[in-house]
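S.K.: Contents of start_24.tsv (TSV, C-alpha atoms and all ligand atoms) are given next:
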```tsv
chain	number	residue	atom	x	y	z
S	1	MET	CA	97.85	80.35	90.54
S	2	ALA	CA	98.02	81.03	86.75
S	3	LYS	CA	94.25	80.79	86.58
S	4	VAL	CA	93.83	83.40	89.27
S	5	LEU	CA	96.27	85.70	87.49
S	6	MET	CA	94.45	85.29	84.17
S	7	ALA	CA	91.12	85.92	85.83
S	8	SER	CA	92.36	89.16	87.40
S	9	ASN	CA	93.91	90.22	84.06
S	10	SER	CA	90.72	89.70	82.11
S	11	LYS	CA	88.90	91.51	84.89
S	12	THR	CA	91.14	94.59	84.54
S	13	ASP	CA	90.80	94.39	80.72
S	14	LEU	CA	87.05	94.32	81.06
S	15	TRP	CA	87.21	97.21	83.52
S	16	ASN	CA	89.34	99.24	81.06
S	17	ILE	CA	86.88	98.59	78.22
S	18	VAL	CA	83.95	99.50	80.44
S	19	SER	CA	85.62	102.71	81.65
S	20	ILE	CA	86.58	103.75	78.09
S	21	ALA	CA	83.01	103.05	76.94
S	22	LEU	CA	81.70	105.04	79.89
S	23	LEU	CA	84.03	107.94	79.08
S	24	ILE	CA	82.90	107.98	75.42
S	25	ALA	CA	79.26	107.73	76.48
S	26	ALA	CA	79.76	110.50	79.03
S	27	GLY	CA	81.50	112.70	76.45
S	28	ALA	CA	78.60	112.28	74.05
S	29	TRP	CA	76.28	114.31	76.22
S	30	ALA	CA	78.20	115.81	79.13
S	31	GLN	CA	81.53	116.85	80.49
S	32	SER	CA	82.68	114.85	83.44
S	33	VAL	CA	84.90	115.19	86.47
S	34	THR	CA	86.92	112.19	87.54
S	35	GLN	CA	88.72	111.89	90.85
S	36	ARG	CA	91.07	108.99	91.02
S	37	PRO	CA	92.16	107.22	93.18
S	38	ASP	CA	89.19	107.55	95.53
S	39	GLU	CA	91.43	107.45	98.60
S	40	VAL	CA	95.00	108.49	99.39
S	41	VAL	CA	97.29	107.75	102.34
S	42	TYR	CA	99.85	110.28	103.60
S	43	LYS	CA	102.13	110.64	106.57
S	44	LEU	CA	101.25	113.34	109.12
S	45	ALA	CA	102.71	116.75	108.10
S	46	GLN	CA	103.33	115.64	104.50
S	47	ASP	CA	101.79	117.43	101.50
S	48	ALA	CA	98.85	115.52	100.00
S	49	SER	CA	97.80	115.79	96.37
S	50	PHE	CA	94.20	115.25	95.33
S	51	ASP	CA	93.74	114.37	91.70
S	52	CYS	CA	90.89	115.74	89.59
S	53	GLN	CA	90.49	115.60	85.81
S	54	PHE	CA	87.95	117.58	83.82
S	55	ILE	CA	87.11	115.54	80.74
S	56	HIS	CA	85.26	116.86	77.74
S	57	THR	CA	85.31	116.07	74.02
S	58	PRO	CA	86.21	118.69	71.35
S	59	ASP	CA	82.59	118.79	70.10
S	60	GLN	CA	81.46	119.53	73.65
S	61	GLN	CA	83.63	122.61	74.02
S	62	VAL	CA	83.38	124.66	77.16
S	63	ALA	CA	82.43	128.19	76.16
S	64	LYS	CA	84.03	129.83	79.18
S	65	ASN	CA	86.78	128.70	81.47
S	66	PRO	CA	85.52	126.35	84.12
S	67	ILE	CA	85.68	127.56	87.69
S	68	LEU	CA	87.12	125.12	90.15
S	69	TYR	CA	85.87	124.50	93.67
S	70	TRP	CA	87.28	122.10	96.21
S	71	HIS	CA	85.32	121.27	99.32
S	72	GLN	CA	85.70	119.03	102.30
S	73	ILE	CA	82.44	117.23	102.99
S	74	THR	CA	81.86	115.88	106.49
S	75	SER	CA	78.76	114.51	108.09
S	76	ARG	CA	78.35	115.05	111.80
S	77	GLU	CA	75.25	113.91	113.63
S	78	SER	CA	73.52	113.26	110.30
S	79	LYS	CA	74.27	116.83	109.18
S	80	THR	CA	76.41	117.42	106.13
S	81	GLU	CA	78.95	120.19	106.45
S	82	MET	CA	80.99	121.74	103.68
S	83	THR	CA	84.34	123.44	104.24
S	84	ARG	CA	85.83	125.31	101.31
S	85	LEU	CA	89.44	124.62	100.34
S	86	TRP	CA	89.67	126.58	97.11
S	87	PRO	CA	89.15	129.37	96.15
S	88	ASP	CA	88.92	131.54	99.31
S	89	PRO	CA	89.88	128.76	101.71
S	90	GLU	CA	88.28	128.70	105.12
S	91	LEU	CA	90.52	129.22	108.16
S	92	MET	CA	91.77	125.63	108.56
S	93	TYR	CA	92.88	125.57	104.90
S	94	LYS	CA	94.31	129.08	104.72
S	95	ASP	CA	97.66	129.19	102.84
S	96	ARG	CA	97.68	125.39	102.60
S	97	VAL	CA	96.08	124.75	99.21
S	98	GLU	CA	97.78	125.08	95.84
S	99	VAL	CA	96.28	124.46	92.39
S	100	LEU	CA	98.86	122.32	90.61
S	101	ASP	CA	98.20	123.30	87.01
S	102	SER	CA	97.78	127.07	86.72
S	103	ASP	CA	96.33	126.87	83.18
S	104	ARG	CA	92.57	127.31	83.62
S	105	ASN	CA	91.90	125.40	80.37
S	106	SER	CA	93.87	122.34	81.44
S	107	PRO	CA	91.88	119.20	82.21
S	108	ASN	CA	94.15	118.78	85.24
S	109	ARG	CA	92.32	120.27	88.23
S	110	SER	CA	94.43	118.65	90.94
S	111	VAL	CA	95.33	120.44	94.16
S	112	LEU	CA	98.01	120.10	96.80
S	113	LEU	CA	97.07	120.25	100.49
S	114	LYS	CA	100.15	121.11	102.52
S	115	ASN	CA	101.09	119.80	105.95
S	116	VAL	CA	98.24	117.34	106.53
S	117	GLN	CA	96.86	117.13	110.08
S	118	TRP	CA	94.50	114.68	111.80
S	119	GLU	CA	91.63	117.19	111.36
S	120	ASP	CA	92.03	116.85	107.59
S	121	SER	CA	91.24	113.13	107.71
S	122	CYS	CA	87.48	113.34	108.20
S	123	GLY	CA	85.11	113.27	105.29
S	124	LYS	CA	85.84	113.48	101.61
S	125	TYR	CA	87.35	116.05	99.30
S	126	GLU	CA	85.17	116.93	96.36
S	127	CYS	CA	86.22	118.56	93.11
S	128	LYS	CA	83.41	120.57	91.54
S	129	LEU	CA	83.36	122.58	88.32
S	130	SER	CA	81.11	125.36	87.12
S	131	TYR	CA	81.23	126.19	83.42
S	132	TRP	CA	79.30	127.41	80.43
S	133	ALA	CA	78.46	124.98	77.65
S	134	ALA	CA	76.24	125.78	74.66
S	135	GLY	CA	75.20	129.02	76.34
S	136	GLN	CA	74.09	127.36	79.55
S	137	ALA	CA	75.57	127.42	83.04
S	138	LYS	CA	76.47	123.93	84.13
S	139	ARG	CA	77.97	122.27	87.15
S	140	THR	CA	79.53	118.88	87.58
S	141	LYS	CA	81.47	117.18	90.38
S	142	GLY	CA	83.63	114.17	91.04
S	143	SER	CA	82.90	111.30	93.40
S	144	GLY	CA	85.35	112.62	96.03
S	145	VAL	CA	88.59	111.43	97.57
S	146	LYS	CA	89.20	110.27	101.14
S	147	LEU	CA	92.40	111.23	102.98
S	148	LEU	CA	93.92	108.70	105.37
S	149	ILE	CA	96.82	109.66	107.64
S	150	HIS	CA	99.45	107.78	109.64
S	151	ASP	CA	102.28	109.02	111.82
S	152	SER	CA	105.80	107.60	112.00
S	153	MET	CA	106.28	104.25	113.72
S	154	PHE	CA	107.91	103.70	117.09
S	155	PHE	CA	109.59	100.29	117.11
S	156	GLY	CA	112.08	99.62	119.90
S	157	LEU	CA	112.52	98.60	123.52
S	158	ASP	CA	109.51	99.38	125.71
S	159	PRO	CA	110.51	102.56	127.62
S	160	GLU	CA	108.91	101.10	130.78
S	161	ASN	CA	110.46	97.63	130.55
S	162	ASN	CA	113.51	97.13	128.35
S	163	THR	CA	113.21	93.34	128.21
S	164	LYS	CA	110.15	93.93	126.03
S	165	LEU	CA	109.72	95.07	122.49
S	166	MET	CA	107.16	97.71	121.58
S	167	CYS	CA	105.68	98.77	118.28
S	168	ALA	CA	103.27	101.71	118.17
S	169	VAL	CA	101.83	103.94	115.51
S	170	ASN	CA	99.07	106.52	115.35
S	171	VAL	CA	96.62	106.32	112.45
S	172	SER	CA	93.51	108.19	111.40
S	173	ARG	CA	90.06	106.70	112.02
S	174	ASP	CA	89.71	103.80	109.64
S	175	ASP	CA	89.03	100.22	110.67
S	176	ARG	CA	91.13	98.79	107.82
S	177	PHE	CA	94.42	99.82	109.47
S	178	VAL	CA	96.22	96.77	110.85
S	179	LEU	CA	99.48	96.52	112.82
S	180	SER	CA	101.35	93.22	112.57
S	181	LEU	CA	104.58	91.93	114.04
S	182	LYS	CA	106.82	89.35	112.43
S	183	GLN	CA	109.38	87.26	114.30
S	184	ASP	CA	111.95	85.57	112.05
S	185	GLY	CA	109.57	86.00	109.11
S	186	TYR	CA	106.48	84.59	110.84
S	187	LYS	CA	103.57	86.73	111.88
S	188	VAL	CA	103.30	86.47	115.69
S	189	PHE	CA	100.89	89.29	116.38
S	190	GLN	CA	98.16	91.24	114.67
S	191	LYS	CA	96.27	94.23	116.03
S	192	ASN	CA	93.21	95.47	114.21
S	193	THR	CA	91.55	98.81	114.78
S	194	ASP	CA	88.79	98.67	117.37
S	195	PRO	CA	85.30	99.15	115.99
S	196	LEU	CA	84.69	102.80	115.18
S	197	TYR	CA	82.19	104.74	117.24
S	198	PRO	CA	80.81	108.29	116.91
S	199	ASN	CA	82.90	111.13	118.37
S	200	MET	CA	85.99	108.98	118.81
S	201	PRO	CA	89.34	110.81	118.61
S	202	LEU	CA	90.70	111.63	115.17
S	203	SER	CA	93.85	109.60	115.75
S	204	ILE	CA	93.96	106.05	117.06
S	205	THR	CA	97.02	104.35	118.57
S	206	LEU	CA	97.75	100.82	117.39
S	207	SER	CA	100.34	99.19	119.65
S	208	VAL	CA	101.82	95.88	120.73
S	209	ILE	CA	104.26	94.88	123.48
S	210	LEU	CA	105.88	91.46	123.52
S	211	PRO	CA	108.85	89.77	125.21
S	212	LEU	CA	112.12	90.18	123.33
S	213	GLU	CA	113.86	86.91	122.51
S	214	LYS	CA	117.63	86.93	121.93
S	215	GLY	CA	118.87	86.27	118.42
S	216	MET	CA	115.47	86.79	116.77
S	217	ASN	CA	114.74	89.20	113.92
S	218	TYR	CA	111.67	91.36	114.22
S	219	GLU	CA	109.71	93.49	111.80
S	220	CYS	CA	106.70	95.69	112.49
S	221	GLN	CA	104.29	96.42	109.63
S	222	ILE	CA	101.26	98.61	109.03
S	223	HIS	CA	98.72	97.62	106.42
S	224	LEU	CA	95.62	99.30	105.10
S	225	GLY	CA	93.49	96.33	104.13
S	226	SER	CA	95.92	94.27	102.06
S	227	THR	CA	98.20	97.18	101.10
S	228	MET	CA	101.45	97.59	103.04
S	229	ILE	CA	101.85	101.19	104.20
S	230	MET	CA	105.01	100.98	106.31
S	231	ARG	CA	107.53	98.44	107.66
S	232	GLN	CA	110.44	98.71	110.07
S	233	PRO	CA	112.95	96.08	111.23
S	234	PHE	CA	114.27	95.86	114.79
S	235	GLN	CA	118.01	95.40	115.41
S	236	GLN	CA	118.91	93.36	118.49
S	237	PRO	CA	120.96	95.56	120.83
S	238	PHE	CA	123.57	92.86	121.74
S	239	GLU	CA	126.07	94.22	119.19
S	240	MET	CA	126.09	97.46	121.15
S	241	ALA	CA	126.96	95.46	124.29
S	242	VAL	CA	129.98	93.95	122.49
S	243	GLU	CA	131.13	97.45	121.56
S	244	LYS	CA	130.83	98.59	125.18
S	245	VAL	CA	133.13	95.72	126.32
S	246	LEU	CA	135.77	96.73	123.74
S	247	PRO	CA	137.52	99.57	125.67
S	248	GLN	CA	138.68	97.16	128.39
S	249	PRO	CA	140.76	94.74	126.21
S	250	VAL	CA	142.16	97.75	124.34
S	251	PHE	CA	143.26	99.26	127.65
S	252	LEU	CA	144.80	95.96	128.74
S	253	PHE	CA	146.58	95.58	125.39
S	254	VAL	CA	148.11	99.05	125.74
S	255	ALA	CA	149.17	98.27	129.32
S	256	ILE	CA	150.85	95.01	128.21
S	257	LEU	CA	152.65	96.88	125.40
S	258	LEU	CA	153.79	99.57	127.84
S	259	VAL	CA	155.80	97.06	129.93
S	260	PRO	CA	158.41	96.12	127.23
S	261	ILE	CA	158.54	99.75	126.07
S	262	THR	CA	159.38	100.94	129.59
S	263	VAL	CA	162.00	98.19	130.00
S	264	LEU	CA	163.50	99.11	126.60
S	265	LEU	CA	163.64	102.81	127.54
S	266	ALA	CA	165.28	102.00	130.87
S	267	LEU	CA	167.88	99.84	129.09
S	268	LEU	CA	168.58	102.58	126.51
S	269	THR	CA	169.02	105.19	129.26
S	270	ALA	CA	171.36	102.91	131.14
S	271	LEU	CA	173.36	102.30	127.92
S	272	LEU	CA	173.63	106.05	127.24
S	273	VAL	CA	174.84	106.71	130.77
S	274	LEU	CA	177.40	103.94	130.37
S	275	CYS	CA	178.66	105.30	127.01
S	276	ARG	CA	179.10	108.83	128.42
S	277	SER	CA	181.03	107.62	131.43
S	278	ASP	CA	183.20	105.52	129.00
S	279	ARG	CA	184.08	108.60	126.92
S	280	ARG	CA	185.01	110.64	130.04
S	281	GLN	CA	187.47	108.07	131.10
V	301	LIG	C1	98.45	117.50	87.29
V	301	LIG	O1	99.46	118.49	87.29
V	301	LIG	C2	100.46	118.33	88.30
V	301	LIG	C3	101.42	119.54	88.18
V	301	LIG	O2	101.84	119.75	86.89
V	301	LIG	C4	101.16	117.01	88.13
V	301	LIG	O3	102.09	116.81	89.17
V	301	LIG	C5	100.13	115.87	88.16
V	301	LIG	O4	100.77	114.64	87.93
V	301	LIG	C6	99.07	116.11	87.10
V	301	LIG	N1	98.07	115.06	87.19
V	301	LIG	C7	97.76	114.27	86.15
V	301	LIG	C8	96.80	113.19	86.40
V	301	LIG	O5	98.21	114.48	85.04
V	302	LIG	C1	100.30	108.83	119.50
V	302	LIG	O1	99.56	109.96	119.94
V	302	LIG	C2	99.65	110.19	121.35
V	302	LIG	C3	98.68	111.31	121.69
V	302	LIG	O2	98.85	112.40	120.85
V	302	LIG	C4	101.09	110.49	121.72
V	302	LIG	O3	101.20	110.71	123.10
V	302	LIG	C5	101.95	109.30	121.33
V	302	LIG	O4	103.30	109.59	121.57
V	302	LIG	C6	101.76	108.96	119.86
V	302	LIG	N1	102.44	107.70	119.58
V	302	LIG	C7	103.31	107.52	118.56
V	302	LIG	C8	103.88	106.16	118.44
V	302	LIG	O5	103.60	108.41	117.79
```
Represent the structure contained in this file as C-alpha cells.
Ligand SMILES: *[C@@H]1O[C@H](CO)[C@@H](O)[C@H](O)[C@H]1NC(C)=O
Ligand SMILES: *[C@@H]1O[C@H](CO)[C@@H](O)[C@H](O)[C@H]1NC(C)=O
M.R.:
Amino acid sequence: MAKVLMASNSKTDLWNIVSIALLIAAGAWAQSVTQRPDEVVYKLAQDASFDCQFIHTPDQQVAKNPILYWHQITSRESKTEMTRLWPDPELMYKDRVEVLDSDRNSPNRSVLLKNVQWEDSCGKYECKLSYWAAGQAKRTKGSGVKLLIHDSMFFGLDPENNTKLMCAVNVSRDDRFVLSLKQDGYKVFQKNTDPLYPNMPLSITLSVILPLEKGMNYECQIHLGSTMIMRQPFQQPFEMAVEKVLPQPVFLFVAILLVPITVLLALLTALLVLCRSDRRQ
C-alpha cells in the first residue's frame, strides 16, 4: 500500500518537473496555450467553464493584444466541422458564451458556456490565439477540452411495478460511464455503456431494475471511469406506512378519553341541577 502511494507520489513529482521544464522550454522560443483539464463533466442545464491559459515569458512579449477564438471541433463521417463559440458565436452558442476575464492582456482566456445541452457534448472545445510577436503574426492553440454531460438520477420504486427498485440516469455518449447499485454496502449490479456506434443518440440511458428487499439499504452511483460523479441513497418506504397507521390509534385514544369526560360533564350537570333545586327549597 505504502509502496504504491510512494510510487504515485514520485510519478506526480516527475510529472511536475517535466511540465515545468516543458513550460520553460516552450517559453524560450514560443508562447503557448494550455487547456487543462482536458475534459470536464457537468450536469445538463448547468454552466460549464472551459479553462485556457496563454503563457508567455517577459522576454517573449506579445506586441499586440492576442485575439481569442473558441471553436467546437466535431468530426462527422470523417469530415471535421468547426463551430464558432467566440467571438461572433454561431446560432447554437448565441448569448451563451462569456469570457471570464475581460482584461485582454490577462493570461486567463477561460470561457463560460451557459445552460449545457446534449448537443454541446460532441467533439472538443479548442482555445486558439492570434497575436503579434516580434513584428510577426502568430497563431497558437491548446489541445482542446471535451465536455461530458449527465442528467439528474431517478432512484426509486419502479413506476410500473412498485415491488421493484429502479435507478436510471441519462448520460452523454461516452463508454466510460458506469451505473452501479450497492445493497448494504456491497455492489450487486453494474451497468456499463453499450459499445458506441456512429449516429447513436446524443444521450444514453443507463438503467437497472431489481427486486426490493425489506430492511436493506440501497445506493445508486454513477462513475466516469474510476471517478464518482453522483450517488444517491434509497430510503425504504416502510416508515411512511407506520405514519399512515398513526391516525387510527390517535382517533381511538381520543374516543377513550371522551368517555370519562362525558361522564364527568353529566355528573357536573346533575350536581348543578341538584344545587339549584336545593337553594329554591
Ligand atoms: C480565470 O478567471 C475566472 C474569472 O475571474 C476565474 O473564475 C478562473 O478561476 C480563472 N482561471 C484560472 C485558471 O485562473
Ligand atoms: C432519459 O431521456 C429520455 C428521453 O429523453 C426520457 O424519456 C427519460 O425520462 C430520461 N430519463 C431520466 C432518468 O432522466
S.K.: Taking only C-alpha atoms and all ligand atoms into account, list the residues no farther than 9 Å from ligand LIG 302 (chain V), as a list in words.
M.R.: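 With only C-alpha atoms and all ligand atoms and a cut-off of 9 Å, ligand LIG 302 (chain V) is contacted by Asp151, Ser152, Met153, Phe154, Phe155, Cys167, Ala168, Val169, Asn170, Val171, Ser203, Ile204, Thr205, Leu206 and Ser207 of chain S.
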S.K.: Measuring between only C-alpha atoms, which one of S:Cys220, S:Ala137, S:Leu202, S:Leu129 shows the shortest distance to S:Leu165?
M.R.: S:Cys220
S.K.: Which one is closest to ligand LIG 301 (chain V): S:Ala133, S:Val188, S:Leu196, S:Ile55? Count all atoms listed in the file.
M.R.: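 Result for the nearest residue to ligand LIG 301 (chain V): S:Ile55.
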S.K.: Give me, as CSV, each residue of chain S that comes within 7 Å of ligand LIG 301 (chain V), together with its shortest interatomic pair and the distance in Å at one decimal, counting only C-alpha atoms and all ligand atoms, with rows ordered by chain and rising residue number.
M.R.:
```
residue,atom,partner,partner_atom,distance
S:Asp51,CA,V:LIG301,C8,6.2
S:Gln53,CA,V:LIG301,C8,6.8
S:Leu100,CA,V:LIG301,C3,4.5
S:Asp101,CA,V:LIG301,O1,5.0
S:Asn108,CA,V:LIG301,C1,4.9
S:Arg109,CA,V:LIG301,C1,6.8
S:Ser110,CA,V:LIG301,C1,5.6
```
S.K.: Contacts of S:Gly144 at 10 Å or less, counting all atoms listed in the file, minus same-chain residues fewer than 6 places along, as a PyMOL selection string?
M.R.: chain S and resi 33-39+50-52+70-73+123-128
S.K.: Mind dumping the selected residues with C-alpha atoms as a PDB file, in the frame of the given file?
M.R.:
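The resulting selection_29.pdb:
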```pdb
ATOM      1  CA  VAL S  33      84.900 115.190  86.470  1.00  0.00           C
ATOM      2  CA  THR S  34      86.920 112.190  87.540  1.00  0.00           C
ATOM      3  CA  GLN S  35      88.720 111.890  90.850  1.00  0.00           C
ATOM      4  CA  ARG S  36      91.070 108.990  91.020  1.00  0.00           C
ATOM      5  CA  PRO S  37      92.160 107.220  93.180  1.00  0.00           C
ATOM      6  CA  ASP S  38      89.190 107.550  95.530  1.00  0.00           C
ATOM      7  CA  GLU S  39      91.430 107.450  98.600  1.00  0.00           C
ATOM      8  CA  PHE S  50      94.200 115.250  95.330  1.00  0.00           C
ATOM      9  CA  ASP S  51      93.740 114.370  91.700  1.00  0.00           C
ATOM     10  CA  CYS S  52      90.890 115.740  89.590  1.00  0.00           C
ATOM     11  CA  TRP S  70      87.280 122.100  96.210  1.00  0.00           C
ATOM     12  CA  HIS S  71      85.320 121.270  99.320  1.00  0.00           C
ATOM     13  CA  GLN S  72      85.700 119.030 102.300  1.00  0.00           C
ATOM     14  CA  ILE S  73      82.440 117.230 102.990  1.00  0.00           C
ATOM     15  CA  GLY S 123      85.110 113.270 105.290  1.00  0.00           C
ATOM     16  CA  LYS S 124      85.840 113.480 101.610  1.00  0.00           C
ATOM     17  CA  TYR S 125      87.350 116.050  99.300  1.00  0.00           C
ATOM     18  CA  GLU S 126      85.170 116.930  96.360  1.00  0.00           C
ATOM     19  CA  CYS S 127      86.220 118.560  93.110  1.00  0.00           C
ATOM     20  CA  LYS S 128      83.410 120.570  91.540  1.00  0.00           C
TER      21      LYS S 128
END
```
S.K.: Calculated over all atoms listed in the file, which of the candidates S:Ala134, S:Met92, S:Val263, S:Leu85 has the smallest distance to S:Tyr69?
M.R.: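 The answer is S:Leu85, which sits nearest to S:Tyr69.
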S.K.: Please indicate the distance in Å from atom CA of S:Glu119 to atom CA of S:Glu77, rounded to one decimal place.
M.R.: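 Answer for the atom CA of S:Glu119 to atom CA of S:Glu77 separation: 16.9 Å.
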S.K.: Quick one: of S:Met230, S:Lys138, S:Pro159, S:Tyr131, who's nearest to S:Val178, counting only C-alpha atoms?
M.R.: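 Result for the nearest residue to S:Val178: S:Met230.
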S.K.: Using all atoms listed in the file for the distances, tell me which of S:Ile229, S:Ile149, S:Leu179, S:Leu157 is nearest to S:Leu212.
M.R.: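 Between S:Ile229, S:Ile149, S:Leu179, S:Leu157, the residue approaching S:Leu212 most closely is S:Leu157.
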S.K.: Suppose you want the space between atom CA of S:Arg173 and atom CA of S:Ile209; what is it in Å?
M.R.: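 One can read the atom CA of S:Arg173 to atom CA of S:Ile209 distance as 21.7 Å.
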S.K.: Please compute the atom CA of S:Ser130-atom CA of S:Ser106 distance, one decimal, in Å.
M.R.: 14.3 Å
S.K.: Please enclose the listed atoms of stretch 221-237 of chain S in an axis-aligned box, pad each side by 5 Å, and write out the centre and the three edge lengths in Å, rounded to one decimal, as AutoDock Vina command-line options.
M.R.:
```
--center_x 107.2 --center_y 97.3 --center_z 111.0 --size_x 37.5 --size_y 17.8 --size_z 29.7
```
S.K.: Pick out the residues sitting within 7 Å of S:Asn115, and hand them over as an MDAnalysis selection string; count all atoms listed in the file, and ignore anything fewer than 2 positions along from it in its own chain.
M.R.: chainID S and resid 45:47 113 117
S.K.: Limited to C-alpha atoms, could you put the picked residues into a file as a PDB file, keeping the file's coordinate frame?
M.R.:
```pdb
ATOM      1  CA  ALA S  45     102.710 116.750 108.100  1.00  0.00           C
ATOM      2  CA  GLN S  46     103.330 115.640 104.500  1.00  0.00           C
ATOM      3  CA  ASP S  47     101.790 117.430 101.500  1.00  0.00           C
ATOM      4  CA  LEU S 113      97.070 120.250 100.490  1.00  0.00           C
ATOM      5  CA  GLN S 117      96.860 117.130 110.080  1.00  0.00           C
TER       6      GLN S 117
END
```
S.K.: My list of candidates is S:Thr193, S:Arg176, S:Lys214, S:Tyr186. Which is closest to S:Thr163 when distances are computed with only C-alpha atoms?
M.R.: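 So, comparing all the options, the nearest one is S:Lys214.
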